[in-house]
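One structure is given below, encoded as C-alpha cells.
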Amino acid sequence: MLLLALPLRLPMGAMYWDNFIYIDGASRVLSGQIPSVDFFAPVGPLAYWLSAMMLWLFPNGQTVLISSYAMLLITAPLMTLAMMYISKRDNAIAFALIAVFLFYVLVPFNTSSYYPFPGADGFGIYNRQGSQLLYVLVTAVLFVKSPRMLAAIVGITMAALFLIKITAFLAGGLICLFAMISGRIAIKPALIAALIFAGLAGAVELVTGAVTAYLGDIIALVKMNSGGLAGRMLQSASRMFAVSAATVFLALILLPNGQDLKARKLNQPAFWLPIILLAALFFESQNTGGQELIFLWPAVLSAMPLITKKLFQPKFSVPALALAAIIVLVPFADTTQAAARAVIGMLKHQNLDFAGMKSLDNVTVRPENFARAEFMRSEYAGDQADLRDFAKANELPSPLLYSDPDFQIGWLKSASDAVVALQEAEAKGFTYNTIMNLDFTNPFPFLTGKLATLHIAIGADPFRAVPEPDAETLASVRDTDVILIPLCPYTAATRDLEAIYAKAMAGRSQFN
C-alpha cells in the first residue's frame, strides 16, 4: 500500500474511466452518503466503503491502485491468519499460496485481454475483488483444518463476498455447501461461520440500513438483466476454454476407483476441482473482465500430493502434471504478458496533465493516441448532427469507443474543461452546491469539492444499471444545481439518461 503514497502513473488501459465509479462512490461516502441507501450502485456497498478509506488515507494516490488495493483491507488479515496456520505445517505450501495471491492482488491487470493496446485495466475491478475473496475462501476450506479458525475465515469472507457482489457470494455459497456435503466443514464450525456472517450483516444493517437497501438494488438489477444463465455460463467457459478444459480433464484423471471413492467419499481433488470450476463459471457468467479462475490454484495445489504420488501410474501422472500446469500458468502468463507490454510501452509514453483533475489523470499515453484524441474532439464538436444520427440508431462511432484510448483521453480533457469553466464561473460569483453528470461516471463532486446528487445510479449504464427513478430521485435531480451533459461524443447512453431524468430537468437553463 506504500505505492499509493508515491506519485505513480500507470499506462492508461481500456475503459480506464470504470475506476472513476469507485472515486465517485468513495467521495459520496466521505461526504456522508450510504451506498444503496443514498445512491443506487451496480455492486455491493463494501467496495465503496473500502475505497473511501483508501482515498482518505491516500488522497493523491493513483486511482486504479486505490480501487484495486482497497480489498487488501479485508483479504490481507484473512490470508495472514490462514498462512499462520498453514506455515506451521508446510512452509512450501504456504509460500505457494501467498505468492500467487499477492501477484494477482498487486498487479492491476485482468487475466484476459479485451483490447489490443496494452495498459493497466481500470475495469472489472469489482470482479477482481470477488475472485480474490474466493481465493481466500478456497484456501481456507482446503488447507485450514482448525475448526475455529476455519469458521472465522469462512464467516468473514462470506460476509465480504455478500457485500461486494451477490454473484460472488453465491459462488462462495456453492463452495461452502460442497464443503459441508463432503465433510470438509463439520456442522459446528459451519454454524459458527453462519453466525459470524449473520452478525456482521446484521451489524451493517443496524448501523447503516445498507443491507436491505442493497437487496432491493439486487432485485432491481435482476429485473433489468434477466436472461439465460446457461448461455452466459457457456460464454464464460469459452472465454477461458483452456483452463476450463484442463480442469475437467484433470478431475477425470484424478477420479478414484470404487474402493477409494467409498473410503474417502467426496472430499478429494477429483470433485473439488469441478465444483470450484462450476462456481467460477457461474461468477464469471455475469462479468466482463476480471481475474478469472485464479482461485483454482489452491485446489490444484491440494491435488499435487495425489498427482506426484510415487505409486501413481506414469501414464497418468505426466498428463496430470501438464494439465495442472495449464490451469496455473495460462492466467499467470496472460497477466504477466499484459503487464510487461504495458510497462515496457511506457518508455514511449507521455504524461497526461490536465487542469483540475487531481489524481484522475495520473496516467501515461502514447503520443499518437493523444494527438488522435485532440483530432477526434474537434471532429465530434463539429459533427453533432451525425453523432445524434448514431445515437438514434443505437450505434457508437466505434464499436470499441469506450475502450479506445483517444476516447478516454478526450473524456478527461473534456472533464478538465468543465471543471475549469466551473471554477471560472465561481470566481465571477456563480455559486452551487450539488453537481450531476449524465454519463457513465461522475467524478465531478470529487474534483470540485461539491456534493453529489442523492438517490441516482452511479456507474450509470441506462441499458442495464439505471432503474426507473421514483419521486424521491426525481426531486433530488430537480434540486441539483449543476447537471453536465456530455456532447463530444453524444451517444445513445446520454440520450437515454436524458430521457430517464427528463421530468426533473424540464425548464432548466442550458449553457454550452
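Residues in the C-alpha cells are numbered from 1 in each chain, the chains being A, B, ... in the order shown, and ligands are numbered from 1 in the order shown.
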
- Task: Fewer than 2 positions away in the same chain doesn't count, so skip those; otherwise give me all residues within 8 Å of region 199-212 of chain A, counting only C-alpha atoms, as a list in words.
- Result: Ile34, Pro35, Ser36, Val37, Pro45, Ile156, Ala159, Leu195, Ile196, Phe197, Tyr214, Leu215 and Gly216 of chain A

Atoms kept (N, CA, C and O atoms) for selection, written as an mmCIF file, in the first residue's frame:
data_model
loop_
_atom_site.group_PDB
_atom_site.id
_atom_site.type_symbol
_atom_site.label_atom_id
_atom_site.label_comp_id
_atom_site.auth_asym_id
_atom_site.auth_seq_id
_atom_site.Cartn_x
_atom_site.Cartn_y
_atom_site.Cartn_z
ATOM 1 N N ILE A 34 -24.592 6.889 2.135
ATOM 2 C CA ILE A 34 -24.527 5.447 2.376
ATOM 3 C C ILE A 34 -24.879 4.722 1.083
ATOM 4 O O ILE A 34 -25.940 4.988 0.494
ATOM 5 N N PRO A 35 -24.004 3.816 0.605
ATOM 6 C CA PRO A 35 -24.313 3.072 -0.627
ATOM 7 C C PRO A 35 -25.642 2.338 -0.520
ATOM 8 O O PRO A 35 -25.997 1.807 0.544
ATOM 9 N N SER A 36 -26.363 2.288 -1.606
ATOM 10 C CA SER A 36 -27.672 1.639 -1.732
ATOM 11 C C SER A 36 -28.774 2.401 -1.007
ATOM 12 O O SER A 36 -29.937 2.330 -1.393
ATOM 13 N N VAL A 37 -28.446 3.118 0.062
ATOM 14 C CA VAL A 37 -29.432 3.939 0.764
ATOM 15 C C VAL A 37 -29.548 5.309 0.103
ATOM 16 O O VAL A 37 -30.646 5.787 -0.187
ATOM 17 N N PRO A 45 -22.048 -2.455 -1.171
ATOM 18 C CA PRO A 45 -21.531 -1.250 -0.512
ATOM 19 C C PRO A 45 -20.093 -1.351 -0.036
ATOM 20 O O PRO A 45 -19.417 -0.334 0.095
ATOM 21 N N ILE A 156 -16.274 -14.470 7.867
ATOM 22 C CA ILE A 156 -15.903 -13.111 7.474
ATOM 23 C C ILE A 156 -15.829 -12.982 5.958
ATOM 24 O O ILE A 156 -16.291 -11.999 5.375
ATOM 25 N N ALA A 159 -19.259 -12.893 4.391
ATOM 26 C CA ALA A 159 -19.883 -11.588 4.609
ATOM 27 C C ALA A 159 -19.323 -10.557 3.624
ATOM 28 O O ALA A 159 -20.063 -9.744 3.061
ATOM 29 N N LEU A 195 -23.180 -17.850 11.939
ATOM 30 C CA LEU A 195 -23.461 -16.837 12.963
ATOM 31 C C LEU A 195 -22.580 -15.605 12.771
ATOM 32 O O LEU A 195 -23.042 -14.468 12.961
ATOM 33 N N ILE A 196 -21.311 -15.825 12.411
ATOM 34 C CA ILE A 196 -20.414 -14.694 12.145
ATOM 35 C C ILE A 196 -20.933 -13.885 10.965
ATOM 36 O O ILE A 196 -20.988 -12.649 11.014
ATOM 37 N N PHE A 197 -21.325 -14.584 9.912
ATOM 38 C CA PHE A 197 -21.879 -13.900 8.735
ATOM 39 C C PHE A 197 -23.124 -13.099 9.118
ATOM 40 O O PHE A 197 -23.250 -11.911 8.783
ATOM 41 N N TYR A 214 -29.512 -2.738 -0.228
ATOM 42 C CA TYR A 214 -28.692 -3.474 -1.206
ATOM 43 C C TYR A 214 -29.499 -4.616 -1.815
ATOM 44 O O TYR A 214 -29.447 -4.848 -3.032
ATOM 45 N N LEU A 215 -30.256 -5.329 -1.000
ATOM 46 C CA LEU A 215 -31.102 -6.402 -1.531
ATOM 47 C C LEU A 215 -32.136 -5.850 -2.506
ATOM 48 O O LEU A 215 -32.448 -6.478 -3.523
ATOM 49 N N GLY A 216 -32.657 -4.672 -2.207
ATOM 50 C CA GLY A 216 -33.574 -4.024 -3.147
ATOM 51 C C GLY A 216 -32.890 -3.682 -4.454
ATOM 52 O O GLY A 216 -33.479 -3.843 -5.536
#

- Near Asp361 (chain A), within 12 Å and counting only C-alpha atoms, which residues show up once chain neighbours fewer than 6 positions away are dropped, as a PyMOL selection string? chain A and resi 7-12+16-17+19-20+60-64+350-355+408-413+415-416+443+447

- Message: Just to confirm, what's the straight-line distance from CA of Arg495 (chain A) to CA of Pro116 (chain A) in Å (one decimal)?
- Response: 29.1 Å

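Of the listed residues (A:Val222, A:Val105, A:Leu387, A:Ala140), A:Ala140 comes nearest to Met79 (chain A); the distances count only C-alpha atoms.
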
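With only C-alpha atoms as the atoms that count, the residue of A:Phe430, A:Asp406, A:Lys145, A:Ala385 with the shortest distance to Tyr490 (chain A) is A:Ala385.
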
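A straight line drawn from CA of Gly119 (chain A) to CA of Thr448 (chain A) is 27.6 Å long.
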
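Shortest separation to Pro298 (chain A) among A:Thr336, A:Asn433, A:Ser285, A:Gln132 occurs at residue A:Gln132, atoms counted being only C-alpha atoms.
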
- Task: Please identify all polymer residues within 10 Å of Phe95 (chain A), counting only C-alpha atoms, omitting same-chain residues fewer than 6 positions from it, and present them as a list in words.
- Result: Met83, Ile86, Ser87 and Phe101 of chain A

- Message: as an MDAnalysis selection string, please: every residue in region 317-448 of chain A that DSSP puts in strand (DSSP E).
- Response: chainID A and resid 350:351 363:365 434:437

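Pairwise distance (CA of Asp461 (chain A), CA of Ile125 (chain A)) equals 16.6 Å.
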
- Query: If we count only C-alpha atoms, what is near Ala220 (chain A) at a cut-off of 12 Å, once residues fewer than 5 positions away on the same chain are taken out, given as a VMD selection string?
  - Reply: chain A and resid 36 40 to 43 213 to 215 225 to 226 457 464 to 469

- Those of region 21-166 of chain A in DSSP alpha helix (DSSP H), formatted as a ChimeraX atom specification: /A:21-30,46-57,63-69,72-87,91-106,125-143,147-164,166
